[in-house]
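Asks: Okay, here's the structure, questions in a sec.
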Amino acid sequence: MNTAIKILLLPFSIIYYAVVSIRNFAYANGILKSTSYPFPNIVIGNLSVGGTGKTPHVEYLIRLLHSKRSIATLSRGYGRKTKGFRIADKDDNAETLGDEPSQIKQKFPEITVAVDENRCHGIEQLRSREHPPDIVLLDDAFQHRRLNAGLKILLTDYSKPYVYDYVLPSGRLREPRNGAKRADIIVVTKSPAVLSPLEIRRIESLLKPASYQKVFFSTFQYSSLIPLNDLGHAQNLSLLSLNKMAVLMVTAIANPSNLELYLRRHAKYVKALSFKDHHYFGPKDYNSMIQKLDQMLGTKKCIIVTEKDAVKMDISHFENVPLYALPVEVKFHEHGNDFDQEIEDYVRSYTNGN
């Protein structure tokens with residue numbers, strides 16, 4: 001968004017700022033009610049509109065905790081065609097759950113995946129089950145003020161920290177920057193693979209965390225490509241194999257720039273085709289993908305998508321095209337063990353180590 005448009009939108013941002021500030025004041029002072037729950041419930045959210053890596057961080061917490069305790073994830077299920085509370089089963093897909101919950105259920109079939117626009121109602125439904133989960137992880141519920149989560153984790157993008165942003169619509173913030181003070185933990189995501197102590201201190205000085213807040217830094221680590229159809233390799237494809245291939249990168253995520261930069265470092269040639277976040281692909285989209293791939297030079301070509309987009313792909317449109325998903329995991333920089341300990345200490349405070 002250019003500067004002129006931002007200036008034109010500024011009056012609307014002032015109105016938005018005032019409305020959200022009044023709402024936050026009402027919750028902070030008990031005028032509007034927030035509900036707390038006597039068991040571990042963790043919110044992973046952000047101040048901005050998408051693009052900070054919430055789902056990979058939810059997956060990190062699942063890997064950290066699920067071996068010892070039963071876990072449920074709860075999210076809104078953005079873009080789904082269903083309403084209200086729903087627990088994922090074998091017949092569910094991205095259309096009934098939303099793309100991110102569908103991705104989580106596919107990767108972690110042993111946990112409970114639920115969706116509900118009303119997070120408090122969703123929690124109560126989960127806890128009323130015959131075998132309720134020990135822990136509920138709430139994806140993207142930082143602004144759901146009716147819930148006073150036991151532990152609040154706020155994510156901010158290394159390249160676009162919230163301290164440099166403005167509220168909607170002239171900026172990308174869902175609420176004023178001071179909303180960050182509600183967080184117990186702040187994670188600076190998508191940071192470079194190598195991060196010096198000096199740079200860490202610089203970012204921390206920008207964020208100005210409160211005395212009760214801990215700041216951690218994470219980065220994305222990509223794995224071998226997973227084939228989505230039976231063309232090309234039957235097994236996962238090493239990223240090193242891309243140095244002789246032309247790649248069409250197809251994404252429907254908020255910020256594909258990091259992924260594109262990563263693929264350009266590995267592939268012979270990369271062309272990007274981006275759709276809006278949570279977009280559901282239709283016949284015209286598939287035709288566009290095939291056309292763009294056909295226009296690319298070279299005999300070795302493939303399409304690469306994110307895991308989030310893979311759950312929405314109709315692979316029948318790619319009978320003659322190798323199609324791969326690129327998995328991503330979160331890796332913490334130094335003091336990552338301290339992050340794990342913070343989470344485990346919080347959970348243990350409720351469960352007494354059981």
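Chain labels follow the order of the structure tokens: the first chain is A, the next B, and so on; residue numbering restarts at 1 in every chain, and ligands are counted from 1 in their shown order.
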Set the distance at 6 Å and use only C-alpha atoms: which residues neighbour stretch 111-127 of chain A once local chain neighbours fewer than 2 positions away are removed? I'd like the list as a list in words.
Replies: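 In the requested form, the answer reads Ile71, Ala72, Thr73, Leu74, Ser75, Arg76, Gly77, Gly84, Phe85, Arg86, Ile87, Ala88, Phe108, Pro109, Arg129 and Pro132 of chain A.
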Asks: With a distance cut-off of 10 Å and only C-alpha atoms, select the neighbouring residues of A:Ile200, excluding the residue or stretch itself and same-chain residues fewer than 2 positions from it, and output the selection as a list in words.
Replies: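 Here the answer would be Val188, Ser191, Leu195, Ser196, Pro197, Leu198, Arg202, Ile203, Glu204, Ser205, Val215, Phe216, Phe217 and His333 of chain A.
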Asks: Counting only C-alpha atoms, what is within 8 Å of A:Leu239, bar same-chain residues fewer than 3 positions away, as a list in words?
Replies: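 That gives Ser223, Ser224, Leu225, Leu242, Asn243 and His266 of chain A.
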Asks: Store the residues of this selection in a file with N, CA and C atoms, as a PDB file, in the first residue's frame.
Replies:
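Result written to out_38.pdb:
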ATOM      1  N   SER A 223      11.564 -28.820   5.038  1.00  0.00           N
ATOM      2  CA  SER A 223      11.951 -30.227   4.891  1.00  0.00           C
ATOM      3  C   SER A 223      11.868 -30.640   3.423  1.00  0.00           C
ATOM      4  N   SER A 224      12.133 -31.922   3.166  1.00  0.00           N
ATOM      5  CA  SER A 224      12.038 -32.448   1.805  1.00  0.00           C
ATOM      6  C   SER A 224      10.614 -32.329   1.283  1.00  0.00           C
ATOM      7  N   LEU A 225      10.502 -32.169  -0.016  1.00  0.00           N
ATOM      8  CA  LEU A 225       9.194 -32.007  -0.655  1.00  0.00           C
ATOM      9  C   LEU A 225       8.400 -33.314  -0.626  1.00  0.00           C
ATOM     10  N   LEU A 242      16.119 -29.521  -6.678  1.00  0.00           N
ATOM     11  CA  LEU A 242      15.471 -28.404  -7.370  1.00  0.00           C
ATOM     12  C   LEU A 242      16.445 -27.578  -8.199  1.00  0.00           C
ATOM     13  N   ASN A 243      17.735 -27.789  -8.011  1.00  0.00           N
ATOM     14  CA  ASN A 243      18.691 -26.926  -8.719  1.00  0.00           C
ATOM     15  C   ASN A 243      18.686 -27.143 -10.231  1.00  0.00           C
ATOM     16  N   HIS A 266      17.196 -22.335  -4.041  1.00  0.00           N
ATOM     17  CA  HIS A 266      17.396 -23.753  -4.312  1.00  0.00           C
ATOM     18  C   HIS A 266      17.062 -24.164  -5.748  1.00  0.00           C
TER      19      HIS A 266
END
Asks: Just the strand (DSSP E) stuff from stretch 38-140 of chain A, please, per backbone DSSP, written as a compact mmCIF listing (two decimals) with C-alpha atoms, in the first residue's frame.
Replies:
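What ended up in result.txt:
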# COMPACT_ATOMS: atom_id res chain seq x y z
CA ASN A 41 -5.32 -23.24 27.62
CA ILE A 42 -2.84 -21.42 25.42
CA VAL A 43 -3.55 -18.75 22.82
CA ILE A 44 -1.23 -18.30 19.84
CA GLY A 45 -2.03 -15.07 18.03
CA ASN A 46 -0.79 -11.80 16.64
CA ILE A 71 -4.35 -32.09 23.31
CA ALA A 72 -7.11 -30.33 21.41
CA THR A 73 -6.67 -27.44 19.01
CA LEU A 74 -9.46 -24.93 18.62
CA SER A 75 -9.74 -22.30 15.92
CA ARG A 86 -17.39 -29.03 15.03
CA ILE A 87 -14.89 -31.75 15.85
CA THR A 112 -8.58 -33.58 18.74
CA VAL A 113 -9.09 -30.78 16.21
CA ALA A 114 -12.12 -28.55 16.73
CA VAL A 115 -13.49 -25.34 15.23
CA ILE A 135 -4.74 -28.91 27.09
CA VAL A 136 -6.48 -26.66 24.56
CA LEU A 137 -4.36 -24.76 22.04
CA LEU A 138 -6.21 -21.81 20.51
CA ASP A 139 -5.03 -20.76 17.07
Asks: Taking only C-alpha atoms into account, which of A:Tyr212, A:Phe275, A:Tyr269, A:Tyr280 comes nearest A:Leu293?
Replies: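 The closest residue to A:Leu293 is A:Tyr269.
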Asks: Report, in Å to a single decimal, how far apart atom CA of A:His317 and atom CA of A:Pro283 are.
Replies: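 Value for the atom CA of A:Pro283-atom CA of A:His317 distance: 8.5 Å.
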Asks: With a distance cut-off of 8 Å and only C-alpha atoms, select the neighbouring residues of A:Leu168, excluding the residue or stretch itself and same-chain residues fewer than 6 positions from it, and output the selection as a PDB file with C-alpha atoms, in the first residue's frame.
Replies:
ATOM      1  CA  PHE A  12     -10.867   5.470   9.104  1.00  0.00           C
ATOM      2  CA  SER A  13      -7.910   4.125  11.074  1.00  0.00           C
ATOM      3  CA  TYR A  16     -11.110   1.983  14.145  1.00  0.00           C
ATOM      4  CA  ARG A 174      -6.157  -5.558  14.241  1.00  0.00           C
ATOM      5  CA  GLU A 175      -5.735  -3.495  17.394  1.00  0.00           C
TER       6      GLU A 175
END
